[in-house]
file structure.txt (compact mmCIF, C-alpha atoms)
# COMPACT_ATOMS: atom_id res chain seq x y z
CA MET A 1 24.06 -55.25 -21.37
CA LYS A 2 21.14 -54.58 -23.67
CA ILE A 3 19.09 -51.64 -22.48
CA LEU A 4 15.67 -50.83 -23.88
CA ILE A 5 14.42 -47.30 -23.23
CA THR A 6 10.74 -46.98 -24.01
CA THR A 7 8.14 -44.28 -23.64
CA PHE A 8 5.30 -45.41 -21.41
CA GLY A 9 1.76 -44.24 -20.69
CA PRO A 10 -1.71 -45.36 -19.71
CA ASN A 11 -2.12 -47.42 -22.89
CA GLN A 12 0.70 -49.93 -22.69
CA GLU A 13 -0.03 -51.91 -25.87
CA ASN A 14 2.79 -50.35 -27.87
CA THR A 15 5.21 -50.66 -24.95
CA PHE A 16 4.38 -54.35 -24.67
CA ALA A 17 4.87 -54.69 -28.44
CA ALA A 18 8.37 -53.23 -28.06
CA MET A 19 9.13 -55.52 -25.09
CA ARG A 20 8.10 -58.54 -27.16
CA ALA A 21 10.02 -57.51 -30.26
CA LEU A 22 13.27 -56.06 -28.94
CA PRO A 23 15.82 -57.90 -26.81
CA TYR A 24 16.74 -56.28 -23.47
CA GLU A 25 18.29 -57.03 -20.10
CA LYS A 26 17.31 -53.75 -18.50
CA LEU A 27 14.10 -51.83 -19.11
CA VAL A 28 13.97 -48.06 -18.79
CA LEU A 29 10.55 -46.43 -18.85
CA VAL A 30 10.11 -42.79 -19.83
CA LEU A 31 6.95 -41.78 -18.02
CA SER A 32 5.07 -39.02 -16.23
CA GLU A 33 4.65 -38.81 -12.44
CA ASP A 34 1.02 -39.87 -12.87
CA ALA A 35 2.02 -42.94 -14.87
CA LEU A 36 4.62 -43.82 -12.21
CA ALA A 37 1.85 -43.98 -9.62
CA SER A 38 -0.54 -45.88 -11.91
CA PRO A 39 -1.62 -49.53 -11.70
CA ALA A 40 -0.13 -49.93 -15.21
CA TYR A 41 3.36 -49.21 -13.87
CA HIS A 42 2.92 -51.61 -10.95
CA LYS A 43 1.76 -54.26 -13.40
CA MET A 44 4.95 -53.66 -15.38
CA GLU A 45 7.04 -54.02 -12.21
CA GLU A 46 5.34 -57.33 -11.46
CA ILE A 47 5.99 -58.65 -14.96
CA GLU A 48 9.66 -57.78 -14.81
CA LYS A 49 9.99 -59.16 -11.27
CA ILE A 50 9.12 -62.57 -12.71
CA SER A 51 11.76 -62.30 -15.42
CA LYS A 52 14.23 -60.64 -12.98
CA VAL A 53 14.84 -57.76 -15.38
CA PRO A 54 15.70 -54.52 -13.60
CA ILE A 55 13.49 -51.51 -14.32
CA GLU A 56 14.60 -47.91 -14.16
CA THR A 57 12.50 -44.82 -14.79
CA ILE A 58 13.02 -41.43 -16.39
CA VAL A 59 10.28 -39.22 -14.99
CA VAL A 60 9.30 -36.38 -17.33
CA ASP A 61 6.70 -33.67 -17.79
CA GLU A 62 4.65 -35.40 -20.48
CA PHE A 63 3.41 -32.08 -21.88
CA ASP A 64 6.86 -30.53 -22.22
CA LEU A 65 8.78 -31.79 -25.23
CA LYS A 66 11.97 -30.00 -24.22
CA ASP A 67 11.88 -31.52 -20.73
CA CYS A 68 11.33 -35.04 -22.13
CA PHE A 69 14.20 -34.53 -24.59
CA ARG A 70 16.59 -33.19 -21.94
CA GLU A 71 15.83 -36.01 -19.48
CA ILE A 72 16.33 -38.76 -22.06
CA VAL A 73 19.60 -37.20 -23.30
CA GLU A 74 20.83 -36.82 -19.71
CA TYR A 75 20.06 -40.47 -18.93
CA VAL A 76 21.80 -41.81 -22.04
CA LEU A 77 24.86 -39.62 -21.49
CA LYS A 78 25.07 -40.95 -17.93
CA LEU A 79 25.14 -44.47 -19.41
CA GLU A 80 27.82 -43.39 -21.88
CA LEU A 81 29.96 -42.31 -18.91
CA GLU A 82 29.54 -45.74 -17.31
CA LYS A 83 30.43 -47.29 -20.66
CA LYS A 84 33.78 -45.57 -20.38
CA LYS A 85 34.28 -47.35 -17.08
CA LYS A 86 34.20 -50.64 -18.98
CA GLN A 87 30.46 -51.26 -18.72
CA LYS A 88 29.23 -52.46 -22.10
CA TYR A 89 25.82 -51.20 -23.11
CA GLN A 90 23.74 -51.55 -26.26
CA ILE A 91 21.00 -48.97 -26.04
CA SER A 92 17.85 -48.81 -28.12
CA ILE A 93 14.81 -46.57 -27.84
CA ASN A 94 11.18 -47.37 -28.60
CA ILE A 95 9.19 -44.21 -29.32
CA SER A 96 5.65 -45.61 -29.62
CA GLY A 97 4.51 -45.71 -25.97
CA GLY A 98 3.17 -42.87 -23.80
CA SER A 99 2.12 -39.48 -25.13
CA LYS A 100 2.78 -38.04 -28.59
CA ILE A 101 5.11 -35.45 -27.07
CA MET A 102 7.15 -38.13 -25.29
CA GLY A 103 7.41 -40.13 -28.51
CA ASP A 104 8.59 -37.12 -30.52
CA ALA A 105 11.11 -36.21 -27.80
CA ALA A 106 12.43 -39.79 -27.79
CA LEU A 107 12.72 -39.77 -31.59
CA LEU A 108 14.63 -36.51 -31.51
CA ALA A 109 16.91 -37.77 -28.72
CA ALA A 110 17.67 -41.00 -30.61
CA PHE A 111 18.80 -39.09 -33.70
CA GLN A 112 20.75 -36.52 -31.70
CA LEU A 113 22.48 -39.23 -29.68
CA GLY A 114 22.98 -41.68 -32.57
CA ILE A 115 21.26 -44.65 -30.95
CA LYS A 116 18.96 -47.25 -32.47
CA ALA A 117 15.31 -46.24 -32.52
CA TYR A 118 12.13 -48.18 -33.17
CA TYR A 119 8.42 -47.58 -33.52
CA CYS A 120 6.62 -50.73 -32.35
CA ASP A 121 2.91 -51.46 -32.37
CA LYS A 122 0.94 -54.68 -32.49
CA ASP A 123 1.47 -55.06 -36.26
CA HIS A 124 4.84 -53.44 -36.92
CA VAL A 125 8.39 -53.12 -35.69
CA ILE A 126 9.80 -50.17 -37.59
CA ASN A 127 13.51 -49.59 -37.36
CA LEU A 128 14.05 -45.85 -37.81
CA PRO A 129 16.97 -44.67 -39.99
CA VAL A 130 19.38 -43.45 -37.31
CA ILE A 131 23.06 -43.53 -38.23
CA THR A 132 24.25 -45.23 -35.07
CA GLY A 133 27.23 -43.87 -33.19
CA VAL A 134 27.02 -40.43 -34.79
CA SER A 135 25.66 -37.79 -32.45
CA MET A 136 24.70 -34.18 -33.05
CA ARG A 137 28.04 -33.22 -31.45
CA ASN A 138 29.85 -35.21 -34.16
CA ARG A 139 27.98 -33.31 -36.87
CA LEU A 140 29.66 -30.06 -35.91
CA THR A 141 33.40 -29.47 -36.32
CA ASP A 142 35.55 -28.65 -33.29
CA SER A 143 35.98 -25.08 -34.60
CA GLN A 144 32.21 -24.66 -34.93
CA VAL A 145 31.70 -25.88 -31.36
CA MET A 146 34.42 -23.53 -30.04
CA VAL A 147 32.80 -20.58 -31.82
CA LEU A 148 29.33 -21.57 -30.66
CA LYS A 149 30.42 -21.76 -27.04
CA GLU A 150 32.14 -18.40 -27.27
CA ILE A 151 29.07 -16.57 -28.61
CA GLY A 152 27.14 -17.10 -25.41
CA MET A 153 23.85 -15.41 -26.10
CA ARG A 154 25.09 -12.54 -28.30
CA ASP A 155 28.44 -11.15 -29.42
CA THR A 156 30.10 -9.22 -32.24
CA VAL A 157 32.18 -11.07 -34.81
CA ASP A 158 35.24 -8.99 -33.85
CA ASP A 159 34.88 -9.89 -30.18
CA ILE A 160 34.56 -13.59 -30.94
CA ALA A 161 37.63 -13.36 -33.17
CA ARG A 162 39.55 -11.56 -30.40
CA LYS A 163 38.56 -14.11 -27.73
CA LEU A 164 39.36 -17.14 -29.89
CA GLY A 165 42.32 -15.47 -31.56
CA PRO A 166 45.10 -17.64 -30.16
CA SER A 167 43.31 -20.91 -31.00
CA LEU A 168 41.58 -20.20 -34.32
CA THR A 169 42.39 -17.99 -37.30
CA GLU A 170 39.95 -15.24 -38.22
CA ASP A 171 39.19 -17.07 -41.48
CA THR A 172 38.24 -20.24 -39.60
CA ILE A 173 36.06 -18.25 -37.22
CA ARG A 174 34.25 -16.47 -40.06
CA LYS A 175 33.79 -19.77 -41.95
CA SER A 176 32.43 -21.44 -38.80
CA LEU A 177 30.01 -18.56 -38.25
CA ARG A 178 28.82 -18.78 -41.87
CA ASN A 179 28.18 -22.52 -41.53
CA LEU A 180 26.48 -22.19 -38.14
CA ARG A 181 24.21 -19.59 -39.69
CA LYS A 182 23.39 -21.88 -42.63
CA MET A 183 22.52 -24.63 -40.15
CA GLY A 184 20.09 -22.32 -38.34
CA VAL A 185 22.07 -22.30 -35.10
CA ILE A 186 22.89 -18.58 -35.10
CA ARG A 187 21.60 -15.46 -36.82
CA THR A 188 23.10 -12.03 -37.47
CA VAL A 189 21.50 -8.96 -35.99
CA PRO A 190 22.35 -5.28 -36.30
CA GLY A 191 24.18 -4.20 -33.15
CA ASP A 192 25.65 -0.94 -31.93
CA GLY A 193 27.24 0.04 -35.23
CA LYS A 194 28.51 -3.47 -35.78
CA ILE A 195 26.97 -6.74 -36.90
CA GLU A 196 26.33 -9.04 -33.98
CA VAL A 197 25.58 -12.74 -33.91
CA GLU A 198 23.18 -14.44 -31.54
CA LEU A 199 21.89 -17.93 -30.97
CA THR A 200 18.56 -18.82 -32.52
CA GLU A 201 15.95 -20.59 -30.40
CA PRO A 202 16.97 -24.05 -31.67
CA GLY A 203 20.59 -22.91 -31.29
CA ILE A 204 20.13 -22.35 -27.55
CA LEU A 205 19.00 -25.94 -27.04
CA ILE A 206 21.67 -27.25 -29.43
CA LEU A 207 24.36 -25.48 -27.39
CA GLU A 208 22.85 -26.81 -24.17
CA THR A 209 22.89 -30.35 -25.60
CA ILE A 210 26.49 -29.99 -26.79
CA ASN A 211 27.52 -28.77 -23.34
CA ARG A 212 25.90 -31.90 -21.87
CA PHE A 213 27.84 -34.06 -24.34
CA ASP A 214 31.10 -32.36 -23.44
CA ARG A 215 30.45 -32.66 -19.70
CA GLY A 216 29.77 -36.36 -20.24
CA HIS A 217 32.96 -36.95 -22.19
CA MET B 1 8.84 -17.23 -50.96
CA SER B 2 8.49 -19.13 -47.72
CA ILE B 3 6.15 -21.96 -46.84
CA VAL B 4 4.69 -23.11 -43.56
CA PHE B 5 4.24 -26.88 -43.34
CA GLY B 6 2.18 -28.58 -40.66
CA THR B 7 0.27 -31.60 -39.48
CA LEU B 8 -3.31 -31.16 -38.36
CA GLY B 9 -5.53 -33.20 -36.07
CA HIS B 10 -8.76 -32.04 -34.48
CA ARG B 11 -7.58 -28.63 -33.32
CA PRO B 12 -6.92 -25.81 -35.79
CA GLN B 13 -5.33 -23.90 -32.88
CA SER B 14 -2.34 -26.23 -33.03
CA LEU B 15 -1.44 -24.97 -36.52
CA ILE B 16 -2.84 -21.46 -36.84
CA PRO B 17 -0.35 -19.81 -34.39
CA SER B 18 2.54 -20.90 -36.64
CA ILE B 19 0.91 -19.34 -39.68
CA LYS B 20 0.38 -16.13 -37.72
CA ALA B 21 3.90 -16.09 -36.25
CA THR B 22 5.84 -16.66 -39.48
CA GLU B 23 6.95 -13.68 -41.56
CA ASN B 24 5.99 -13.40 -45.23
CA VAL B 25 4.08 -16.65 -45.48
CA GLU B 26 3.30 -17.25 -49.12
CA ARG B 27 1.87 -20.74 -48.90
CA VAL B 28 0.65 -23.19 -46.28
CA VAL B 29 0.93 -26.95 -46.80
CA PHE B 30 -0.62 -29.25 -44.21
CA TYR B 31 -1.47 -32.92 -43.77
CA PHE B 32 -4.68 -34.17 -42.24
CA GLY B 33 -6.93 -37.20 -42.31
CA GLY B 34 -8.89 -39.67 -40.29
CA ASP B 35 -12.38 -38.61 -39.34
CA ALA B 36 -15.07 -35.95 -39.70
CA GLU B 37 -13.60 -33.86 -36.89
CA ALA B 38 -10.24 -33.73 -38.71
CA ALA B 39 -12.08 -32.68 -41.90
CA LYS B 40 -13.82 -29.91 -39.92
CA ALA B 41 -10.49 -28.68 -38.56
CA LYS B 42 -9.11 -28.75 -42.11
CA ASP B 43 -11.96 -26.52 -43.30
CA GLU B 44 -11.24 -24.02 -40.53
CA VAL B 45 -7.53 -23.79 -41.40
CA VAL B 46 -8.28 -23.49 -45.12
CA ASP B 47 -10.82 -20.76 -44.37
CA PHE B 48 -8.30 -18.91 -42.17
CA CYS B 49 -5.68 -19.01 -44.94
CA LYS B 50 -8.18 -17.87 -47.56
CA ARG B 51 -9.13 -14.86 -45.46
CA LEU B 52 -5.45 -13.91 -45.37
CA ARG B 53 -5.15 -14.59 -49.14
CA ILE B 54 -2.55 -17.30 -48.51
CA PRO B 55 -2.63 -20.22 -50.98
CA VAL B 56 -3.09 -23.46 -49.11
CA ASP B 57 -2.56 -27.16 -49.93
CA ALA B 58 -4.57 -29.40 -47.59
CA ILE B 59 -3.25 -32.89 -48.23
CA GLU B 60 -5.42 -35.78 -47.07
CA LEU B 61 -3.46 -38.79 -45.82
CA PRO B 62 -4.93 -42.17 -46.79
CA ASP B 63 -3.86 -43.79 -43.50
CA VAL B 64 -3.02 -41.55 -40.53
CA PHE B 65 -1.43 -44.50 -38.68
CA ASP B 66 1.03 -45.55 -41.41
CA LEU B 67 4.21 -43.92 -40.09
CA MET B 68 6.51 -44.94 -42.95
CA GLY B 69 3.96 -44.18 -45.67
CA ILE B 70 3.38 -40.70 -44.24
CA ALA B 71 7.12 -40.07 -43.79
CA LYS B 72 7.78 -41.00 -47.44
CA ARG B 73 4.99 -38.72 -48.66
CA ILE B 74 6.05 -35.73 -46.55
CA ARG B 75 9.72 -36.15 -47.36
CA SER B 76 9.02 -36.35 -51.06
CA ASP B 77 6.93 -33.14 -50.86
CA ILE B 78 9.67 -31.33 -48.93
CA LYS B 79 12.25 -32.40 -51.52
CA ASP B 80 9.96 -31.25 -54.29
CA TRP B 81 9.62 -27.74 -52.84
CA LYS B 82 13.36 -27.59 -52.17
CA ARG B 83 14.11 -28.54 -55.78
CA ARG B 84 12.02 -25.55 -56.83
CA GLY B 85 14.29 -23.39 -54.69
CA ILE B 86 11.54 -22.59 -52.17
CA LYS B 87 12.46 -22.17 -48.52
CA ILE B 88 10.45 -24.05 -45.94
CA ALA B 89 10.19 -21.51 -43.13
CA ILE B 90 8.87 -23.93 -40.54
CA PHE B 91 7.22 -27.31 -40.04
CA ASN B 92 4.73 -27.48 -37.20
CA ILE B 93 4.44 -31.12 -36.06
CA ALA B 94 1.97 -30.58 -33.21
CA GLY B 95 -1.22 -31.81 -34.83
CA GLY B 96 -2.47 -35.14 -36.07
CA THR B 97 -2.12 -38.67 -34.87
CA ARG B 98 1.00 -39.82 -33.14
CA PRO B 99 2.40 -41.61 -36.26
CA THR B 100 1.61 -38.51 -38.36
CA SER B 101 3.50 -36.23 -35.96
CA SER B 102 6.45 -38.65 -35.67
CA ALA B 103 6.58 -39.11 -39.45
CA ALA B 104 6.68 -35.33 -39.90
CA LEU B 105 9.46 -34.99 -37.32
CA LEU B 106 11.40 -37.81 -38.99
CA SER B 107 11.10 -36.06 -42.37
CA CYS B 108 12.27 -32.78 -40.84
CA ILE B 109 15.30 -34.46 -39.24
CA LEU B 110 16.21 -36.15 -42.54
CA GLU B 111 15.75 -32.98 -44.59
CA GLY B 112 17.05 -30.48 -42.02
CA VAL B 113 13.85 -28.43 -41.85
CA PRO B 114 13.25 -26.01 -38.92
CA THR B 115 10.65 -27.69 -36.72
CA VAL B 116 8.27 -26.39 -34.08
CA TYR B 117 5.81 -27.85 -31.65
CA VAL B 118 2.87 -25.95 -30.24
CA HIS B 119 2.23 -26.56 -26.56
CA ASP B 120 -1.08 -28.38 -25.95
CA VAL B 121 -2.28 -25.99 -23.25
CA THR B 122 -0.50 -22.65 -23.70
CA TYR B 123 -0.24 -22.76 -27.54
CA GLU B 124 3.32 -21.50 -27.14
CA GLU B 125 5.47 -22.32 -30.17
CA ILE B 126 8.56 -24.32 -29.24
CA SER B 127 11.51 -24.67 -31.64
CA LEU B 128 13.19 -28.06 -31.71
CA PRO B 129 16.99 -28.37 -31.64
CA LEU B 130 17.57 -29.50 -35.22
CA LEU B 131 20.44 -28.59 -37.51
CA GLU B 132 19.26 -27.23 -40.86
CA ILE B 133 21.38 -29.71 -42.77
CA GLU B 134 20.36 -32.93 -44.49
CA TYR B 135 20.87 -35.91 -42.22
CA THR B 136 22.56 -37.99 -44.95
CA LYS B 137 25.43 -35.49 -44.87
CA ILE B 138 26.56 -37.48 -41.82
CA LEU B 139 27.74 -40.04 -44.34
CA SER B 140 30.72 -39.15 -46.49
CA HIS B 141 30.27 -38.65 -50.23
CA LYS B 142 31.97 -42.03 -50.81
CA GLU B 143 29.73 -43.79 -48.31
CA ARG B 144 26.61 -42.38 -49.99
CA LYS B 145 27.86 -43.53 -53.40
CA ILE B 146 28.62 -47.02 -52.04
CA LEU B 147 25.12 -47.24 -50.59
CA GLU B 148 23.63 -46.22 -53.96
CA ILE B 149 25.63 -48.96 -55.73
CA ILE B 150 24.51 -51.57 -53.19
CA ARG B 151 20.89 -50.45 -53.42
CA LYS B 152 20.89 -50.58 -57.22
CA ALA B 153 22.60 -53.99 -57.32
CA GLN B 154 20.48 -55.69 -54.69
CA GLN B 155 17.31 -55.18 -56.76
CA LYS B 156 18.76 -57.97 -58.97
CA LYS B 157 21.39 -59.75 -56.86
CA PRO B 158 23.26 -58.55 -53.76
CA LEU B 159 26.97 -57.87 -54.26
CA SER B 160 29.87 -59.44 -52.39
CA GLU B 161 32.50 -57.15 -50.86
CA VAL B 162 34.95 -58.00 -53.71
CA GLU B 163 32.35 -57.26 -56.39
CA LEU B 164 31.55 -54.01 -54.64
CA ALA B 165 35.27 -53.06 -54.56
CA ASN B 166 35.51 -53.81 -58.31
CA GLN B 167 32.44 -51.73 -59.15
CA PHE B 168 33.67 -48.82 -57.04
CA GLY B 169 37.20 -49.09 -58.44
CA VAL B 170 39.05 -49.49 -55.13
CA THR B 171 41.10 -52.27 -53.53
CA LYS B 172 39.43 -54.93 -51.40
CA ALA B 173 41.16 -53.53 -48.30
CA THR B 174 39.81 -50.02 -48.94
CA MET B 175 36.32 -51.35 -49.51
CA ASN B 176 36.59 -53.48 -46.37
CA TYR B 177 37.26 -50.27 -44.40
CA HIS B 178 34.18 -48.53 -45.85
CA VAL B 179 32.01 -51.62 -45.31
CA LYS B 180 33.07 -51.83 -41.66
CA GLN B 181 32.24 -48.16 -41.15
CA LEU B 182 28.81 -48.57 -42.76
CA VAL B 183 28.04 -51.69 -40.70
CA ARG B 184 29.02 -49.79 -37.55
CA LYS B 185 26.66 -46.97 -38.53
CA GLY B 186 23.82 -49.44 -39.04
CA ALA B 187 23.50 -48.61 -42.76
CA ILE B 188 24.32 -52.03 -44.21
CA THR B 189 24.28 -55.67 -43.13
CA LEU B 190 26.53 -58.59 -44.08
CA SER B 191 25.23 -62.10 -44.58
CA ASN B 192 26.62 -65.39 -45.89
CA ASP B 193 26.02 -66.16 -49.54
CA PRO B 194 23.86 -69.32 -49.55
CA GLU B 195 25.63 -70.42 -52.77
CA ASP B 196 29.15 -69.93 -51.38
CA THR B 197 29.53 -69.55 -47.62
CA ARG B 198 33.02 -68.05 -48.01
CA ARG B 199 31.45 -64.97 -49.60
CA LYS B 200 29.76 -62.26 -47.61
CA LEU B 201 26.89 -60.43 -49.28
CA VAL B 202 26.39 -56.74 -48.61
CA ARG B 203 22.85 -55.44 -48.23
CA ILE B 204 21.29 -52.10 -47.42
CA ALA B 205 19.53 -52.15 -44.04
CA PRO B 206 15.77 -51.74 -44.75
CA THR B 207 15.65 -48.54 -42.73
CA VAL B 208 18.28 -46.93 -44.97
CA GLU B 209 15.88 -46.89 -47.92
CA LEU B 210 14.09 -44.00 -46.25
CA LEU B 211 17.38 -42.35 -45.34
CA LEU B 212 18.54 -42.29 -48.95
CA GLY B 213 15.18 -41.22 -50.32
CA ASP B 214 14.32 -41.45 -54.02

call {"tool": "encode", "arguments": {"input": "structure.txt", "output": "structure tokens"}}
result
Amino acid sequence: MKILITTFGPNQENTFAAMRALPYEKLVLVLSEDALASPAYHKMEEIEKISKVPIETIVVDEFDLKDCFREIVEYVLKLELEKKKKQKYQISINISGGSKIMGDAALLAAFQLGIKAYYCDKDHVINLPVITGVSMRNRLTDSQVMVLKEIGMRDTVDDIARKLGPSLTEDTIRKSLRNLRKMGVIRTVPGDGKIEVELTEPGILILETINRFDRGH
Amino acid sequence: MSIVFGTLGHRPQSLIPSIKATENVERVVFYFGGDAEAAKAKDEVVDFCKRLRIPVDAIELPDVFDLMGIAKRIRSDIKDWKRRGIKIAIFNIAGGTRPTSSAALLSCILEGVPTVYVHDVTYEEISLPLLEIEYTKILSHKERKILEIIRKAQQKKPLSEVELANQFGVTKATMNYHVKQLVRKGAITLSNDPEDTRRKLVRIAPTVELLLGD
């Protein structure tokens, strides 16, 4: 089944452009509570009733980029789970509808999930350069993910090495920490006589997203 | 030296908090354009930077709705600063038109630049969950080289899989494996050769041009 996820707001021109340009058998609208109650949404329901295409919604706080990102990721990972139960889905995301924040969150989610993304308006259908099938989880090695999960919010290198000792060598742990630091996921901070590592702000959301991936798989 | 990058619309407040919150800012580079209000906001940010004795590059965009044009410009500037060994401390994507903001985010994803958004109401700076690693690193070294060969060749005539294998110096079976992987990742497309339908021609997907950069 071809699923089109599109951001949606009071001005529906770009959403309509995506619906015209991209094939879909199910339409998923990312929208705010206000937009869900709007005549624009009811108009959309009426249109799809005629073509018998099911509509689903992802309701988000349109001013909160993190919330929009989390909700889209959660929805797609739920579909991925169903895919495992032999449902076949081809998912694409249009980022041009709704608010700027929604669009940026959808763009970020598409790249982090490795799904096709488009920016559609009345004159253009722009296919964005996502490497499909490669998620943010795939961009980290298993050792890096193990180390990241063990850090929690803050820990010393020695403690991480002790906790992961049976599974990873100290060299692997130190190498993983170095690479995670280079990628901006963790930083080192002076602790109580020892160097400690802690998650950066982006690192906290990266870990949260990885945990979602792992729950979904 | 560290630089703050940003996009600017009508509200200087969407960019100024990032300049204030970043340590040791030695330059500010921001993109603006559109109308008189955007020009006024530009003047305010430039004035703010001048007061703090921070050099500033205010770059006017010719078309604030041309997503791909803006993305190419921003990405090229980021690469330029990186080549000079200068660290980009942060890119604030909160201001500007929707295509400007999305183009900036796209460039940050591709170049692995730390990205922030400033909340519309609270002006709180929010870090986005991006890895500081170039996006093309998802592709293996071999895959990137194959894409370069295809891109170079298709300016004259697209290559077949066999020709590609010969140019790359691998067997047809090995190249077939790489081609399948790249098709799966959406980086290349296969089409029948109109002159010989038994041959499949390999082409770079248009979107990958931006991925590979200059």

call {"tool": "residues_around", "arguments": {"input": "structure.txt", "residues": "B:Asp47", "least_positions_apart": "5", "cutoff": "12 Å", "atoms": "all atoms listed in the file", "output": "list in words"}}
result
Pro12, Ile16, Val28, Lys40, Ala41, Lys42, Leu52, Arg53, Ile54, Pro55, Val56, Asp57 and Ala58 of chain B

call {"tool": "residues_around", "arguments": {"input": "structure.txt", "residues": "A:Tyr118", "least_positions_apart": "3", "cutoff": "6 Å", "atoms": "all atoms listed in the file", "output": "PyMOL selection string"}}
result
chain A and resi 94+126-128

call {"tool": "residues_near_point", "arguments": {"input": "structure.txt", "point": "(41.8, -16.6, -32.1)", "cutoff": "12 Å", "atoms": "all atoms listed in the file", "output": "PyMOL selection string"}}
result
chain A and resi 143+146-147+150+157-174

call {"tool": "interface_residues", "arguments": {"input": "structure.txt", "of": "chain A", "to": "chain B", "cutoff": "6 Å", "atoms": "all atoms listed in the file", "output": "NGL selection string"}}
result
:A and (100 or 104 or 127-129 or 131-132 or 183-184 or 202 or 205-206)

call {"tool": "residues_around", "arguments": {"input": "structure.txt", "residues": "stretch 150-166 of chain B", "least_positions_apart": "3", "cutoff": "12 Å", "atoms": "all atoms listed in the file", "output": "mmCIF file with C-alpha atoms, keeping the file's coordinate frame"}}
result
data_model
loop_
_atom_site.group_PDB
_atom_site.id
_atom_site.type_symbol
_atom_site.label_atom_id
_atom_site.label_comp_id
_atom_site.auth_asym_id
_atom_site.auth_seq_id
_atom_site.Cartn_x
_atom_site.Cartn_y
_atom_site.Cartn_z
ATOM 1 C CA GLU B 143 29.730 -43.790 -48.310
ATOM 2 C CA ARG B 144 26.610 -42.380 -49.990
ATOM 3 C CA LYS B 145 27.860 -43.530 -53.400
ATOM 4 C CA ILE B 146 28.620 -47.020 -52.040
ATOM 5 C CA LEU B 147 25.120 -47.240 -50.590
ATOM 6 C CA GLY B 169 37.200 -49.090 -58.440
ATOM 7 C CA VAL B 170 39.050 -49.490 -55.130
ATOM 8 C CA THR B 171 41.100 -52.270 -53.530
ATOM 9 C CA LYS B 172 39.430 -54.930 -51.400
ATOM 10 C CA ALA B 173 41.160 -53.530 -48.300
ATOM 11 C CA THR B 174 39.810 -50.020 -48.940
ATOM 12 C CA MET B 175 36.320 -51.350 -49.510
ATOM 13 C CA ASN B 176 36.590 -53.480 -46.370
ATOM 14 C CA TYR B 177 37.260 -50.270 -44.400
ATOM 15 C CA HIS B 178 34.180 -48.530 -45.850
ATOM 16 C CA VAL B 179 32.010 -51.620 -45.310
ATOM 17 C CA LYS B 180 33.070 -51.830 -41.660
ATOM 18 C CA LEU B 182 28.810 -48.570 -42.760
ATOM 19 C CA ALA B 187 23.500 -48.610 -42.760
ATOM 20 C CA ILE B 188 24.320 -52.030 -44.210
ATOM 21 C CA THR B 189 24.280 -55.670 -43.130
ATOM 22 C CA LEU B 190 26.530 -58.590 -44.080
ATOM 23 C CA SER B 191 25.230 -62.100 -44.580
ATOM 24 C CA ASN B 192 26.620 -65.390 -45.890
ATOM 25 C CA ASP B 193 26.020 -66.160 -49.540
ATOM 26 C CA PRO B 194 23.860 -69.320 -49.550
ATOM 27 C CA GLU B 195 25.630 -70.420 -52.770
ATOM 28 C CA ASP B 196 29.150 -69.930 -51.380
ATOM 29 C CA THR B 197 29.530 -69.550 -47.620
ATOM 30 C CA ARG B 198 33.020 -68.050 -48.010
ATOM 31 C CA ARG B 199 31.450 -64.970 -49.600
ATOM 32 C CA LYS B 200 29.760 -62.260 -47.610
ATOM 33 C CA LEU B 201 26.890 -60.430 -49.280
ATOM 34 C CA VAL B 202 26.390 -56.740 -48.610
ATOM 35 C CA ARG B 203 22.850 -55.440 -48.230
ATOM 36 C CA ILE B 204 21.290 -52.100 -47.420
ATOM 37 C CA ALA B 205 19.530 -52.150 -44.040
ATOM 38 C CA PRO B 206 15.770 -51.740 -44.750
ATOM 39 C CA VAL B 208 18.280 -46.930 -44.970
ATOM 40 C CA GLU B 209 15.880 -46.890 -47.920
ATOM 41 C CA LEU B 210 14.090 -44.000 -46.250
ATOM 42 C CA LEU B 211 17.380 -42.350 -45.340
ATOM 43 C CA LEU B 212 18.540 -42.290 -48.950
ATOM 44 C CA GLY B 213 15.180 -41.220 -50.320
ATOM 45 C CA ASP B 214 14.320 -41.450 -54.020
#

call {"tool": "atom_distance", "arguments": {"input": "structure.txt", "atom1": "atom CA of A:Lys43", "atom2": "atom CA of A:Phe63"}}
result
23.8 Å

call {"tool": "closest_residue", "arguments": {"input": "structure.txt", "among": "B:Leu15, B:Ser107, B:Ile149, B:Asp80", "to": "A:Leu108", "atoms": "all atoms listed in the file"}}
result
B:Ser107

call {"tool": "closest_residue", "arguments": {"input": "structure.txt", "among": "B:Cys49, B:Glu37, B:Phe30, B:Gly9", "to": "B:Ile74", "atoms": "all atoms listed in the file"}}
result
B:Phe30

call {"tool": "residues_around", "arguments": {"input": "structure.txt", "residues": "A:Leu29", "least_positions_apart": "2", "cutoff": "8 Å", "atoms": "only C-alpha atoms", "output": "ChimeraX atom specification"}}
result
/A:5-8,27,31,55-58

call {"tool": "residues_around", "arguments": {"input": "structure.txt", "residues": "A:Leu113", "least_positions_apart": "3", "cutoff": "6 Å", "atoms": "only C-alpha atoms", "output": "list of chain:residue names"}}
result
A:Ala109, A:Ala110, A:Ser135

call {"tool": "closest_residue", "arguments": {"input": "structure.txt", "among": "A:Glu71, A:Ser92, A:Glu62, A:Gln12", "to": "A:Glu25", "atoms": "only C-alpha atoms"}}
result
A:Ser92
